[in-house]
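Visitor: What follows is final-v2.cif, mmCIF, N, CA and C atoms.
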```cif
data_model
loop_
_atom_site.label_atom_id
_atom_site.label_comp_id
_atom_site.auth_asym_id
_atom_site.auth_seq_id
_atom_site.Cartn_x
_atom_site.Cartn_y
_atom_site.Cartn_z
N MET A 1 59.60 93.00 -122.36
CA MET A 1 58.82 91.87 -121.92
C MET A 1 57.44 91.93 -122.55
N GLY A 2 56.82 90.81 -122.66
CA GLY A 2 55.49 90.75 -123.24
C GLY A 2 54.73 89.56 -122.72
N TYR A 3 53.60 89.35 -123.31
CA TYR A 3 52.72 88.25 -122.91
C TYR A 3 52.31 87.46 -124.14
N LEU A 4 52.10 86.18 -123.95
CA LEU A 4 51.61 85.33 -125.03
C LEU A 4 50.12 85.10 -124.83
N ASP A 5 49.39 85.14 -125.92
CA ASP A 5 47.95 84.88 -125.86
C ASP A 5 47.61 83.43 -126.14
N ASP A 6 48.58 82.67 -126.58
CA ASP A 6 48.31 81.27 -126.87
C ASP A 6 49.41 80.40 -126.26
N TYR A 7 49.20 79.12 -126.31
CA TYR A 7 50.13 78.17 -125.71
C TYR A 7 50.07 76.88 -126.52
N ASP A 8 51.13 76.11 -126.42
CA ASP A 8 51.20 74.86 -127.17
C ASP A 8 50.58 73.69 -126.43
N PHE A 9 50.65 73.71 -125.11
CA PHE A 9 50.21 72.57 -124.31
C PHE A 9 49.34 73.03 -123.16
N ASP A 10 48.43 72.17 -122.77
CA ASP A 10 47.56 72.44 -121.62
C ASP A 10 47.23 71.10 -120.98
N GLY A 11 47.67 70.89 -119.75
CA GLY A 11 47.41 69.63 -119.05
C GLY A 11 48.63 69.15 -118.31
N GLU A 12 48.60 67.89 -117.94
CA GLU A 12 49.72 67.27 -117.23
C GLU A 12 50.70 66.68 -118.23
N TYR A 13 51.92 67.13 -118.16
CA TYR A 13 52.98 66.66 -119.04
C TYR A 13 54.27 66.54 -118.25
N ILE A 14 55.21 65.83 -118.85
CA ILE A 14 56.58 65.81 -118.36
C ILE A 14 57.42 66.39 -119.49
N THR A 15 58.32 67.30 -119.15
CA THR A 15 59.22 67.86 -120.13
C THR A 15 60.65 67.65 -119.66
N TRP A 16 61.57 67.75 -120.59
CA TRP A 16 62.98 67.69 -120.22
C TRP A 16 63.79 68.57 -121.16
N THR A 17 64.92 69.01 -120.66
CA THR A 17 65.84 69.81 -121.45
C THR A 17 66.63 68.86 -122.34
N THR A 18 66.61 69.11 -123.65
CA THR A 18 67.27 68.19 -124.58
C THR A 18 68.71 68.58 -124.88
N ASP A 19 69.05 69.85 -124.76
CA ASP A 19 70.39 70.31 -125.15
C ASP A 19 70.98 71.23 -124.10
N GLY A 20 72.31 71.23 -124.05
CA GLY A 20 73.02 72.19 -123.22
C GLY A 20 73.45 71.64 -121.88
N ALA A 21 73.94 72.53 -121.05
CA ALA A 21 74.49 72.16 -119.75
C ALA A 21 73.46 71.47 -118.86
N ASN A 22 72.17 71.78 -119.05
CA ASN A 22 71.10 71.18 -118.24
C ASN A 22 70.38 70.04 -118.94
N ALA A 23 70.97 69.50 -119.99
CA ALA A 23 70.34 68.40 -120.73
C ALA A 23 70.00 67.27 -119.77
N GLY A 24 68.79 66.75 -119.89
CA GLY A 24 68.34 65.66 -119.04
C GLY A 24 67.59 66.11 -117.81
N THR A 25 67.50 67.42 -117.56
CA THR A 25 66.74 67.92 -116.42
C THR A 25 65.26 67.75 -116.72
N VAL A 26 64.54 67.09 -115.82
CA VAL A 26 63.13 66.74 -116.03
C VAL A 26 62.24 67.66 -115.21
N PHE A 27 61.11 68.04 -115.80
CA PHE A 27 60.15 68.93 -115.14
C PHE A 27 58.75 68.33 -115.22
N TYR A 28 58.00 68.48 -114.15
CA TYR A 28 56.57 68.16 -114.15
C TYR A 28 55.83 69.43 -114.51
N ARG A 29 54.91 69.35 -115.45
CA ARG A 29 54.12 70.51 -115.88
C ARG A 29 52.64 70.19 -115.70
N ASN A 30 51.92 71.16 -115.18
CA ASN A 30 50.47 71.01 -115.05
C ASN A 30 49.84 72.36 -115.35
N GLY A 31 49.22 72.46 -116.49
CA GLY A 31 48.62 73.71 -116.92
C GLY A 31 49.07 74.08 -118.31
N ARG A 32 49.01 75.37 -118.60
CA ARG A 32 49.36 75.86 -119.93
C ARG A 32 50.85 76.20 -119.98
N PHE A 33 51.49 75.81 -121.09
CA PHE A 33 52.89 76.15 -121.26
C PHE A 33 53.29 76.01 -122.72
N ASN A 34 54.42 76.57 -123.04
CA ASN A 34 55.04 76.45 -124.36
C ASN A 34 56.38 75.78 -124.22
N CYS A 35 56.86 75.20 -125.30
CA CYS A 35 58.18 74.59 -125.32
C CYS A 35 58.98 75.19 -126.47
N THR A 36 60.29 75.19 -126.28
CA THR A 36 61.19 75.63 -127.35
C THR A 36 61.76 74.41 -128.04
N ASN A 37 62.71 74.63 -128.92
CA ASN A 37 63.32 73.52 -129.65
C ASN A 37 64.30 72.71 -128.79
N VAL A 38 64.58 73.14 -127.57
CA VAL A 38 65.48 72.38 -126.69
C VAL A 38 64.70 71.76 -125.54
N CYS A 39 63.47 71.38 -125.83
CA CYS A 39 62.58 70.80 -124.82
C CYS A 39 61.86 69.61 -125.42
N GLY A 40 61.87 68.50 -124.70
CA GLY A 40 61.08 67.33 -125.09
C GLY A 40 59.85 67.24 -124.22
N THR A 41 58.78 66.66 -124.74
CA THR A 41 57.54 66.53 -123.96
C THR A 41 57.02 65.10 -124.00
N ILE A 42 56.40 64.73 -122.89
CA ILE A 42 55.75 63.43 -122.76
C ILE A 42 54.35 63.66 -122.21
N LYS A 43 53.34 63.13 -122.89
CA LYS A 43 51.98 63.13 -122.37
C LYS A 43 51.80 61.79 -121.67
N VAL A 44 51.48 61.85 -120.39
CA VAL A 44 51.45 60.64 -119.57
C VAL A 44 50.06 60.01 -119.61
N ASP A 45 50.04 58.69 -119.66
CA ASP A 45 48.81 57.92 -119.64
C ASP A 45 48.06 58.11 -118.32
N LYS A 46 46.77 57.93 -118.33
CA LYS A 46 45.94 58.15 -117.13
C LYS A 46 46.28 57.21 -115.97
N ASN A 47 46.80 56.03 -116.26
CA ASN A 47 47.10 55.07 -115.18
C ASN A 47 48.51 55.23 -114.62
N ILE A 48 49.13 56.40 -114.87
CA ILE A 48 50.45 56.72 -114.33
C ILE A 48 50.37 58.10 -113.69
N ASP A 49 50.90 58.24 -112.49
CA ASP A 49 50.96 59.53 -111.83
C ASP A 49 52.12 60.32 -112.46
N ALA A 50 51.79 61.40 -113.15
CA ALA A 50 52.79 62.16 -113.91
C ALA A 50 53.87 62.74 -113.01
N TYR A 51 53.50 63.24 -111.84
CA TYR A 51 54.49 63.81 -110.94
C TYR A 51 55.48 62.73 -110.48
N PHE A 52 54.95 61.59 -110.08
CA PHE A 52 55.81 60.49 -109.64
C PHE A 52 56.76 60.07 -110.76
N LEU A 53 56.23 59.94 -111.96
CA LEU A 53 57.08 59.55 -113.10
C LEU A 53 58.15 60.59 -113.36
N SER A 54 57.83 61.87 -113.21
CA SER A 54 58.84 62.92 -113.43
C SER A 54 59.99 62.78 -112.45
N VAL A 55 59.68 62.43 -111.20
CA VAL A 55 60.73 62.24 -110.19
C VAL A 55 61.58 61.02 -110.54
N VAL A 56 60.94 59.94 -110.94
CA VAL A 56 61.66 58.72 -111.30
C VAL A 56 62.57 58.98 -112.51
N LEU A 57 62.01 59.65 -113.53
CA LEU A 57 62.82 59.95 -114.71
C LEU A 57 63.99 60.87 -114.39
N GLN A 58 63.78 61.84 -113.51
CA GLN A 58 64.86 62.76 -113.15
C GLN A 58 66.05 61.99 -112.57
N SER A 59 65.75 60.95 -111.81
CA SER A 59 66.83 60.17 -111.22
C SER A 59 67.49 59.23 -112.24
N ALA A 60 66.82 58.99 -113.37
CA ALA A 60 67.35 58.04 -114.36
C ALA A 60 68.04 58.69 -115.54
N THR A 61 67.72 59.94 -115.87
CA THR A 61 68.17 60.52 -117.13
C THR A 61 69.66 60.84 -117.19
N ALA A 62 70.28 61.11 -116.08
CA ALA A 62 71.69 61.54 -116.09
C ALA A 62 72.59 60.57 -116.85
N LYS A 63 72.37 59.28 -116.71
CA LYS A 63 73.25 58.32 -117.37
C LYS A 63 72.97 58.18 -118.87
N TYR A 64 71.90 58.81 -119.36
CA TYR A 64 71.57 58.74 -120.78
C TYR A 64 71.96 60.00 -121.55
N VAL A 65 72.42 61.02 -120.86
CA VAL A 65 72.82 62.26 -121.52
C VAL A 65 74.15 62.03 -122.24
N SER A 66 74.21 62.41 -123.50
CA SER A 66 75.45 62.32 -124.28
C SER A 66 76.33 63.50 -123.89
N ILE A 67 77.34 63.22 -123.07
CA ILE A 67 78.20 64.29 -122.57
C ILE A 67 79.51 64.39 -123.34
N ASN A 68 79.75 63.46 -124.25
CA ASN A 68 81.00 63.48 -125.01
C ASN A 68 80.90 64.41 -126.23
N LEU A 69 79.86 65.25 -126.27
CA LEU A 69 79.69 66.22 -127.33
C LEU A 69 80.03 67.61 -126.81
N ALA A 70 80.25 68.56 -127.72
CA ALA A 70 80.49 69.94 -127.29
C ALA A 70 79.28 70.49 -126.56
N ASN A 71 78.11 70.04 -126.96
CA ASN A 71 76.84 70.47 -126.36
C ASN A 71 76.11 69.22 -125.88
N PRO A 72 76.06 68.94 -124.57
CA PRO A 72 75.40 67.72 -124.08
C PRO A 72 73.96 67.62 -124.59
N LYS A 73 73.49 66.37 -124.81
CA LYS A 73 72.16 66.17 -125.39
C LYS A 73 71.46 64.96 -124.76
N LEU A 74 70.13 65.07 -124.67
CA LEU A 74 69.27 63.93 -124.36
C LEU A 74 68.08 64.05 -125.32
N MET A 75 68.20 63.41 -126.46
CA MET A 75 67.21 63.58 -127.52
C MET A 75 65.99 62.67 -127.30
N ASN A 76 64.94 62.93 -128.08
CA ASN A 76 63.67 62.22 -127.93
C ASN A 76 63.82 60.71 -128.06
N ASN A 77 64.59 60.25 -129.05
CA ASN A 77 64.72 58.81 -129.25
C ASN A 77 65.42 58.15 -128.07
N THR A 78 66.37 58.84 -127.47
CA THR A 78 67.05 58.29 -126.29
C THR A 78 66.09 58.25 -125.10
N MET A 79 65.34 59.33 -124.89
CA MET A 79 64.36 59.36 -123.79
C MET A 79 63.32 58.26 -123.97
N ALA A 80 62.90 58.02 -125.20
CA ALA A 80 61.89 56.98 -125.46
C ALA A 80 62.41 55.59 -125.13
N SER A 81 63.72 55.42 -125.14
CA SER A 81 64.28 54.09 -124.87
C SER A 81 64.50 53.83 -123.38
N ILE A 82 64.34 54.85 -122.54
CA ILE A 82 64.55 54.67 -121.10
C ILE A 82 63.39 53.86 -120.53
N LYS A 83 63.72 52.80 -119.85
CA LYS A 83 62.71 51.95 -119.22
C LYS A 83 62.82 52.08 -117.71
N VAL A 84 61.69 52.33 -117.06
CA VAL A 84 61.65 52.41 -115.60
C VAL A 84 60.53 51.51 -115.11
N LYS A 85 60.71 50.96 -113.93
CA LYS A 85 59.67 50.14 -113.31
C LYS A 85 58.88 51.02 -112.36
N LEU A 86 57.56 50.94 -112.46
CA LEU A 86 56.69 51.74 -111.61
C LEU A 86 55.79 50.83 -110.78
N PRO A 87 55.52 51.22 -109.55
CA PRO A 87 54.56 50.46 -108.74
C PRO A 87 53.14 50.73 -109.23
N ASP A 88 52.16 50.09 -108.61
CA ASP A 88 50.77 50.32 -108.99
C ASP A 88 50.40 51.78 -108.76
N ILE A 89 49.31 52.23 -109.37
CA ILE A 89 48.93 53.63 -109.35
C ILE A 89 48.67 54.15 -107.94
N ASP A 90 48.09 53.34 -107.06
CA ASP A 90 47.84 53.79 -105.69
C ASP A 90 49.15 54.07 -104.96
N THR A 91 50.14 53.24 -105.16
CA THR A 91 51.45 53.46 -104.54
C THR A 91 52.12 54.70 -105.14
N GLN A 92 51.98 54.88 -106.45
CA GLN A 92 52.53 56.07 -107.09
C GLN A 92 51.92 57.33 -106.49
N LYS A 93 50.60 57.33 -106.33
CA LYS A 93 49.91 58.51 -105.78
C LYS A 93 50.32 58.76 -104.33
N TYR A 94 50.49 57.70 -103.57
CA TYR A 94 50.92 57.82 -102.17
C TYR A 94 52.28 58.53 -102.11
N TRP A 95 53.25 58.02 -102.88
CA TRP A 95 54.59 58.61 -102.86
C TRP A 95 54.59 60.00 -103.50
N SER A 96 53.74 60.20 -104.47
CA SER A 96 53.64 61.52 -105.10
C SER A 96 53.21 62.57 -104.08
N ARG A 97 52.24 62.25 -103.24
CA ARG A 97 51.80 63.19 -102.20
C ARG A 97 52.93 63.51 -101.24
N ILE A 98 53.67 62.51 -100.83
CA ILE A 98 54.79 62.73 -99.90
C ILE A 98 55.87 63.59 -100.56
N LEU A 99 56.22 63.26 -101.80
CA LEU A 99 57.28 64.01 -102.49
C LEU A 99 56.87 65.45 -102.78
N ARG A 100 55.60 65.66 -103.11
CA ARG A 100 55.12 67.03 -103.32
C ARG A 100 55.20 67.84 -102.02
N HIS A 101 54.85 67.19 -100.92
CA HIS A 101 54.92 67.87 -99.62
C HIS A 101 56.37 68.26 -99.31
N ILE A 102 57.29 67.37 -99.56
CA ILE A 102 58.70 67.66 -99.33
C ILE A 102 59.16 68.80 -100.23
N ASP A 103 58.77 68.75 -101.51
CA ASP A 103 59.15 69.83 -102.43
C ASP A 103 58.59 71.18 -101.99
N LYS A 104 57.35 71.17 -101.50
CA LYS A 104 56.75 72.42 -101.03
C LYS A 104 57.51 72.95 -99.81
N LYS A 105 57.91 72.06 -98.92
CA LYS A 105 58.68 72.46 -97.75
C LYS A 105 60.03 73.04 -98.16
N ILE A 106 60.69 72.41 -99.12
CA ILE A 106 61.98 72.91 -99.61
C ILE A 106 61.81 74.30 -100.22
N GLU A 107 60.77 74.49 -101.01
CA GLU A 107 60.51 75.80 -101.62
C GLU A 107 60.27 76.86 -100.55
N THR A 108 59.51 76.52 -99.52
CA THR A 108 59.25 77.46 -98.43
C THR A 108 60.55 77.85 -97.74
N GLU A 109 61.43 76.88 -97.50
CA GLU A 109 62.71 77.15 -96.85
C GLU A 109 63.60 78.03 -97.73
N PHE A 110 63.59 77.79 -99.05
CA PHE A 110 64.37 78.64 -99.96
C PHE A 110 63.85 80.08 -99.92
N GLN A 111 62.54 80.26 -99.92
CA GLN A 111 61.97 81.60 -99.85
C GLN A 111 62.36 82.29 -98.54
N TYR A 112 62.31 81.54 -97.44
CA TYR A 112 62.69 82.09 -96.14
C TYR A 112 64.17 82.48 -96.15
N GLU A 113 65.01 81.62 -96.70
CA GLU A 113 66.44 81.93 -96.79
C GLU A 113 66.67 83.20 -97.59
N ASN A 114 65.97 83.36 -98.70
CA ASN A 114 66.12 84.57 -99.53
C ASN A 114 65.70 85.81 -98.76
N LEU A 115 64.65 85.71 -97.98
CA LEU A 115 64.23 86.85 -97.16
C LEU A 115 65.30 87.21 -96.13
N LEU A 116 65.89 86.22 -95.52
CA LEU A 116 66.96 86.47 -94.56
C LEU A 116 68.17 87.10 -95.23
N ILE A 117 68.52 86.66 -96.43
CA ILE A 117 69.64 87.23 -97.17
C ILE A 117 69.37 88.70 -97.48
N GLN A 118 68.13 89.00 -97.90
CA GLN A 118 67.77 90.39 -98.18
C GLN A 118 67.83 91.24 -96.91
N GLN A 119 67.35 90.68 -95.82
CA GLN A 119 67.37 91.42 -94.55
C GLN A 119 68.82 91.69 -94.13
N LYS A 120 69.67 90.71 -94.26
CA LYS A 120 71.08 90.88 -93.92
C LYS A 120 71.71 91.97 -94.78
N ALA A 121 71.45 91.94 -96.08
CA ALA A 121 72.00 92.95 -96.99
C ALA A 121 71.51 94.34 -96.61
N TYR A 122 70.24 94.45 -96.26
CA TYR A 122 69.69 95.74 -95.85
C TYR A 122 70.38 96.24 -94.57
N LEU A 123 70.49 95.36 -93.59
CA LEU A 123 71.11 95.75 -92.31
C LEU A 123 72.57 96.16 -92.52
N LEU A 124 73.28 95.41 -93.34
CA LEU A 124 74.68 95.77 -93.60
C LEU A 124 74.77 97.11 -94.32
N SER A 125 73.86 97.38 -95.24
CA SER A 125 73.90 98.65 -95.96
C SER A 125 73.59 99.82 -95.03
N GLN A 126 72.75 99.59 -94.03
CA GLN A 126 72.42 100.64 -93.07
C GLN A 126 73.53 100.87 -92.05
N MET A 127 74.32 99.85 -91.83
CA MET A 127 75.39 99.91 -90.85
C MET A 127 76.52 100.83 -91.28
N PHE A 128 76.75 100.94 -92.58
CA PHE A 128 77.89 101.70 -93.08
C PHE A 128 77.48 102.93 -93.87
N ILE A 129 76.47 103.63 -93.39
CA ILE A 129 76.03 104.86 -94.07
C ILE A 129 76.98 105.99 -93.72
#
```
Just dump the structure as structure tokens.
Guide:
Amino acid sequence: MGYLDDYDFDGEYITWTTDGANAGTVFYRNGRFNCTNVCGTIKVDKNIDAYFLSVVLQSATAKYVSINLANPKLMNNTMASIKVKLPDIDTQKYWSRILRHIDKKIETEFQYENLLIQQKAYLLSQMFI
């Protein structure tokens, strides 16, 4: 393992997986990151909430993935052709706050579930010593 001293991107972006079993999976990025050759990037305009757009695109991309290939793909030109309707920026920000809160709650529940799974495994291992 190692560390990188540089990065390709810094800021709010939307990325998606272009190739493979997860083609079309959309991610919201905020901060420093790098992309590989199987990643597409979008720099979002200031009058669009990037997080909200990432959620909207995630729900739209599945039907644009080319699945009739040996390796599924959602290439840049196809992503560029996807059209979505967005509400005004205030409405986007409102829903973005709600969706972020829900995502944070889901993440907290996943972490709690993992702790319970670890505790169960520990207790079972102690039971049969």
Visitor: Please determine, counting all atoms listed in the file, which residue among A:Ile48, A:Thr25, A:Gly31, A:Asp90 has the shortest atom-to-atom distance to Glu12 in chain A.
Guide: A:Gly31
Visitor: Report as an NGL selection string all protein, DNA and RNA residues lying within 7 Å of range 13-20 of chain A, evaluated on all atoms listed in the file, omitting residues in the same chain fewer than 6 positions from it.
Guide: :A and (26-31 or 37-44 or 50 or 54 or 71-76)
Visitor: Go ahead and write the selection's residues with N, CA and C atoms as an mmCIF file, in the coordinates of the input.
Guide:
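To be explicit, this is the file written out as result-v5.cif:
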```cif
data_model
loop_
_atom_site.group_PDB
_atom_site.id
_atom_site.type_symbol
_atom_site.label_atom_id
_atom_site.label_comp_id
_atom_site.auth_asym_id
_atom_site.auth_seq_id
_atom_site.Cartn_x
_atom_site.Cartn_y
_atom_site.Cartn_z
ATOM 1 N N VAL A 26 64.540 67.090 -115.820
ATOM 2 C CA VAL A 26 63.130 66.740 -116.030
ATOM 3 C C VAL A 26 62.240 67.660 -115.210
ATOM 4 N N PHE A 27 61.110 68.040 -115.800
ATOM 5 C CA PHE A 27 60.150 68.930 -115.140
ATOM 6 C C PHE A 27 58.750 68.330 -115.220
ATOM 7 N N TYR A 28 58.000 68.480 -114.150
ATOM 8 C CA TYR A 28 56.570 68.160 -114.150
ATOM 9 C C TYR A 28 55.830 69.430 -114.510
ATOM 10 N N ARG A 29 54.910 69.350 -115.450
ATOM 11 C CA ARG A 29 54.120 70.510 -115.880
ATOM 12 C C ARG A 29 52.640 70.190 -115.700
ATOM 13 N N ASN A 30 51.920 71.160 -115.180
ATOM 14 C CA ASN A 30 50.470 71.010 -115.050
ATOM 15 C C ASN A 30 49.840 72.360 -115.350
ATOM 16 N N GLY A 31 49.220 72.460 -116.490
ATOM 17 C CA GLY A 31 48.620 73.710 -116.920
ATOM 18 C C GLY A 31 49.070 74.080 -118.310
ATOM 19 N N ASN A 37 62.710 74.630 -128.920
ATOM 20 C CA ASN A 37 63.320 73.520 -129.650
ATOM 21 C C ASN A 37 64.300 72.710 -128.790
ATOM 22 N N VAL A 38 64.580 73.140 -127.570
ATOM 23 C CA VAL A 38 65.480 72.380 -126.690
ATOM 24 C C VAL A 38 64.700 71.760 -125.540
ATOM 25 N N CYS A 39 63.470 71.380 -125.830
ATOM 26 C CA CYS A 39 62.580 70.800 -124.820
ATOM 27 C C CYS A 39 61.860 69.610 -125.420
ATOM 28 N N GLY A 40 61.870 68.500 -124.700
ATOM 29 C CA GLY A 40 61.080 67.330 -125.090
ATOM 30 C C GLY A 40 59.850 67.240 -124.220
ATOM 31 N N THR A 41 58.780 66.660 -124.740
ATOM 32 C CA THR A 41 57.540 66.530 -123.960
ATOM 33 C C THR A 41 57.020 65.100 -124.000
ATOM 34 N N ILE A 42 56.400 64.730 -122.890
ATOM 35 C CA ILE A 42 55.750 63.430 -122.760
ATOM 36 C C ILE A 42 54.350 63.660 -122.210
ATOM 37 N N LYS A 43 53.340 63.130 -122.890
ATOM 38 C CA LYS A 43 51.980 63.130 -122.370
ATOM 39 C C LYS A 43 51.800 61.790 -121.670
ATOM 40 N N VAL A 44 51.480 61.850 -120.390
ATOM 41 C CA VAL A 44 51.450 60.640 -119.570
ATOM 42 C C VAL A 44 50.060 60.010 -119.610
ATOM 43 N N ALA A 50 51.790 61.400 -113.150
ATOM 44 C CA ALA A 50 52.790 62.160 -113.910
ATOM 45 C C ALA A 50 53.870 62.740 -113.010
ATOM 46 N N SER A 54 57.830 61.870 -113.210
ATOM 47 C CA SER A 54 58.840 62.920 -113.430
ATOM 48 C C SER A 54 59.990 62.780 -112.450
ATOM 49 N N ASN A 71 78.110 70.040 -126.960
ATOM 50 C CA ASN A 71 76.840 70.470 -126.360
ATOM 51 C C ASN A 71 76.110 69.220 -125.880
ATOM 52 N N PRO A 72 76.060 68.940 -124.570
ATOM 53 C CA PRO A 72 75.400 67.720 -124.080
ATOM 54 C C PRO A 72 73.960 67.620 -124.590
ATOM 55 N N LYS A 73 73.490 66.370 -124.810
ATOM 56 C CA LYS A 73 72.160 66.170 -125.390
ATOM 57 C C LYS A 73 71.460 64.960 -124.760
ATOM 58 N N LEU A 74 70.130 65.070 -124.670
ATOM 59 C CA LEU A 74 69.270 63.930 -124.360
ATOM 60 C C LEU A 74 68.080 64.050 -125.320
ATOM 61 N N MET A 75 68.200 63.410 -126.460
ATOM 62 C CA MET A 75 67.210 63.580 -127.520
ATOM 63 C C MET A 75 65.990 62.670 -127.300
ATOM 64 N N ASN A 76 64.940 62.930 -128.080
ATOM 65 C CA ASN A 76 63.670 62.220 -127.930
ATOM 66 C C ASN A 76 63.820 60.710 -128.060
#
```
Visitor: Need the axis-aligned box for range 26-32 of chain A with 6 Å each side, so what are the centre and edges in Å to one decimal, as JSON?
Guide:
```
{"center_x": 56.6, "center_y": 71.5, "center_z": -117.1, "size_x": 27.9, "size_y": 21.5, "size_z": 17.8}
```
Visitor: Measuring between only C-alpha atoms, which one of A:Lys120, A:Lys83, A:Arg100, A:Lys105 shows the shortest distance to Phe52 in chain A?
Guide: A:Arg100
Visitor: Measure the distance from CA of Ala80 in chain A to CA of Leu53 in chain A in Å and round it to one decimal.
Guide: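 CA of Ala80 in chain A sits 13.5 Å away from CA of Leu53 in chain A.
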Visitor: Please, what distance in Å, to one decimal, runs between atom C of Leu86 in chain A and atom N of Ser66 in chain A?
Guide: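 Atom C of Leu86 in chain A sits 25.2 Å away from atom N of Ser66 in chain A.
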Visitor: Take the point (56.3, 76.0, -123.8) in the file's coordinates, draw a sphere of radius 7 Å around it, and report as a list in words every protein, DNA or RNA residue with an atom inside or on it, counting only N, CA and C atoms.
Guide: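 Nearby residues: Tyr7, Asp8, Phe9, Arg32, Phe33, Asn34, Cys35 and Thr36 of chain A.
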Visitor: Go ahead and compute the interatomic distance for CA of Asn22 in chain A and atom N of Thr108 in chain A, in Å to one decimal.
Guide: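 A separation of 22.7 Å between them.
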Visitor: Evaluating the PyMOL selection byres (((chain A and resi 64 and name CA) around 10) and name CA) on the displayed file yields which residues, as a list of chain:residue names?
Guide: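 Written out, the selection comes to A:Ala23, A:Gly24, A:Ala60, A:Thr61, A:Ala62, A:Lys63, A:Val65, A:Ser66, A:Ile67, A:Lys73, A:Leu74, A:Met75, A:Thr78, A:Met79, A:Ser81, A:Ile82.
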Visitor: Can I get the selected residues back with N, CA and C atoms, as a compact mmCIF listing (two decimals), in the coordinates of the input?
Guide:
```txt
# COMPACT_ATOMS: atom_id res chain seq x y z
N ALA A 23 70.97 69.50 -119.99
CA ALA A 23 70.34 68.40 -120.73
C ALA A 23 70.00 67.27 -119.77
N GLY A 24 68.79 66.75 -119.89
CA GLY A 24 68.34 65.66 -119.04
C GLY A 24 67.59 66.11 -117.81
N ALA A 60 66.82 58.99 -113.37
CA ALA A 60 67.35 58.04 -114.36
C ALA A 60 68.04 58.69 -115.54
N THR A 61 67.72 59.94 -115.87
CA THR A 61 68.17 60.52 -117.13
C THR A 61 69.66 60.84 -117.19
N ALA A 62 70.28 61.11 -116.08
CA ALA A 62 71.69 61.54 -116.09
C ALA A 62 72.59 60.57 -116.85
N LYS A 63 72.37 59.28 -116.71
CA LYS A 63 73.25 58.32 -117.37
C LYS A 63 72.97 58.18 -118.87
N VAL A 65 72.42 61.02 -120.86
CA VAL A 65 72.82 62.26 -121.52
C VAL A 65 74.15 62.03 -122.24
N SER A 66 74.21 62.41 -123.50
CA SER A 66 75.45 62.32 -124.28
C SER A 66 76.33 63.50 -123.89
N ILE A 67 77.34 63.22 -123.07
CA ILE A 67 78.20 64.29 -122.57
C ILE A 67 79.51 64.39 -123.34
N LYS A 73 73.49 66.37 -124.81
CA LYS A 73 72.16 66.17 -125.39
C LYS A 73 71.46 64.96 -124.76
N LEU A 74 70.13 65.07 -124.67
CA LEU A 74 69.27 63.93 -124.36
C LEU A 74 68.08 64.05 -125.32
N MET A 75 68.20 63.41 -126.46
CA MET A 75 67.21 63.58 -127.52
C MET A 75 65.99 62.67 -127.30
N THR A 78 66.37 58.84 -127.47
CA THR A 78 67.05 58.29 -126.29
C THR A 78 66.09 58.25 -125.10
N MET A 79 65.34 59.33 -124.89
CA MET A 79 64.36 59.36 -123.79
C MET A 79 63.32 58.26 -123.97
N SER A 81 63.72 55.42 -125.14
CA SER A 81 64.28 54.09 -124.87
C SER A 81 64.50 53.83 -123.38
N ILE A 82 64.34 54.85 -122.54
CA ILE A 82 64.55 54.67 -121.10
C ILE A 82 63.39 53.86 -120.53
```
Visitor: Can you tell me, as an MDAnalysis selection string, what residues are no more than 8 Å from Asp88 in chain A when counting all atoms listed in the file, ignoring any on the same chain fewer than 3 positions away?
Guide: chainID A and resid 47:49 85 91:94
Visitor: Check range 12-110 of chain A with DSSP on the backbone and list each residue it calls strand (DSSP E or B), as a PyMOL selection string.
Guide: chain A and resi 12-17+19+26-33+39-43+66+73
Visitor: Hey, what does DSSP flag as helix (DSSP H, G or I) within range 20-92 of chain A? Can you give it to me as a ChimeraX atom specification?
Guide: /A:50-64,76-81,89-92
Visitor: With all atoms listed in the file as the basis for distance, which of A:Asp45, A:Leu115, A:Tyr51, A:Gly2 is at the shortest distance from Ser96 in chain A?
Guide: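 Looking only at the distances to Ser96 in chain A, the closest residue turns out to be A:Tyr51.
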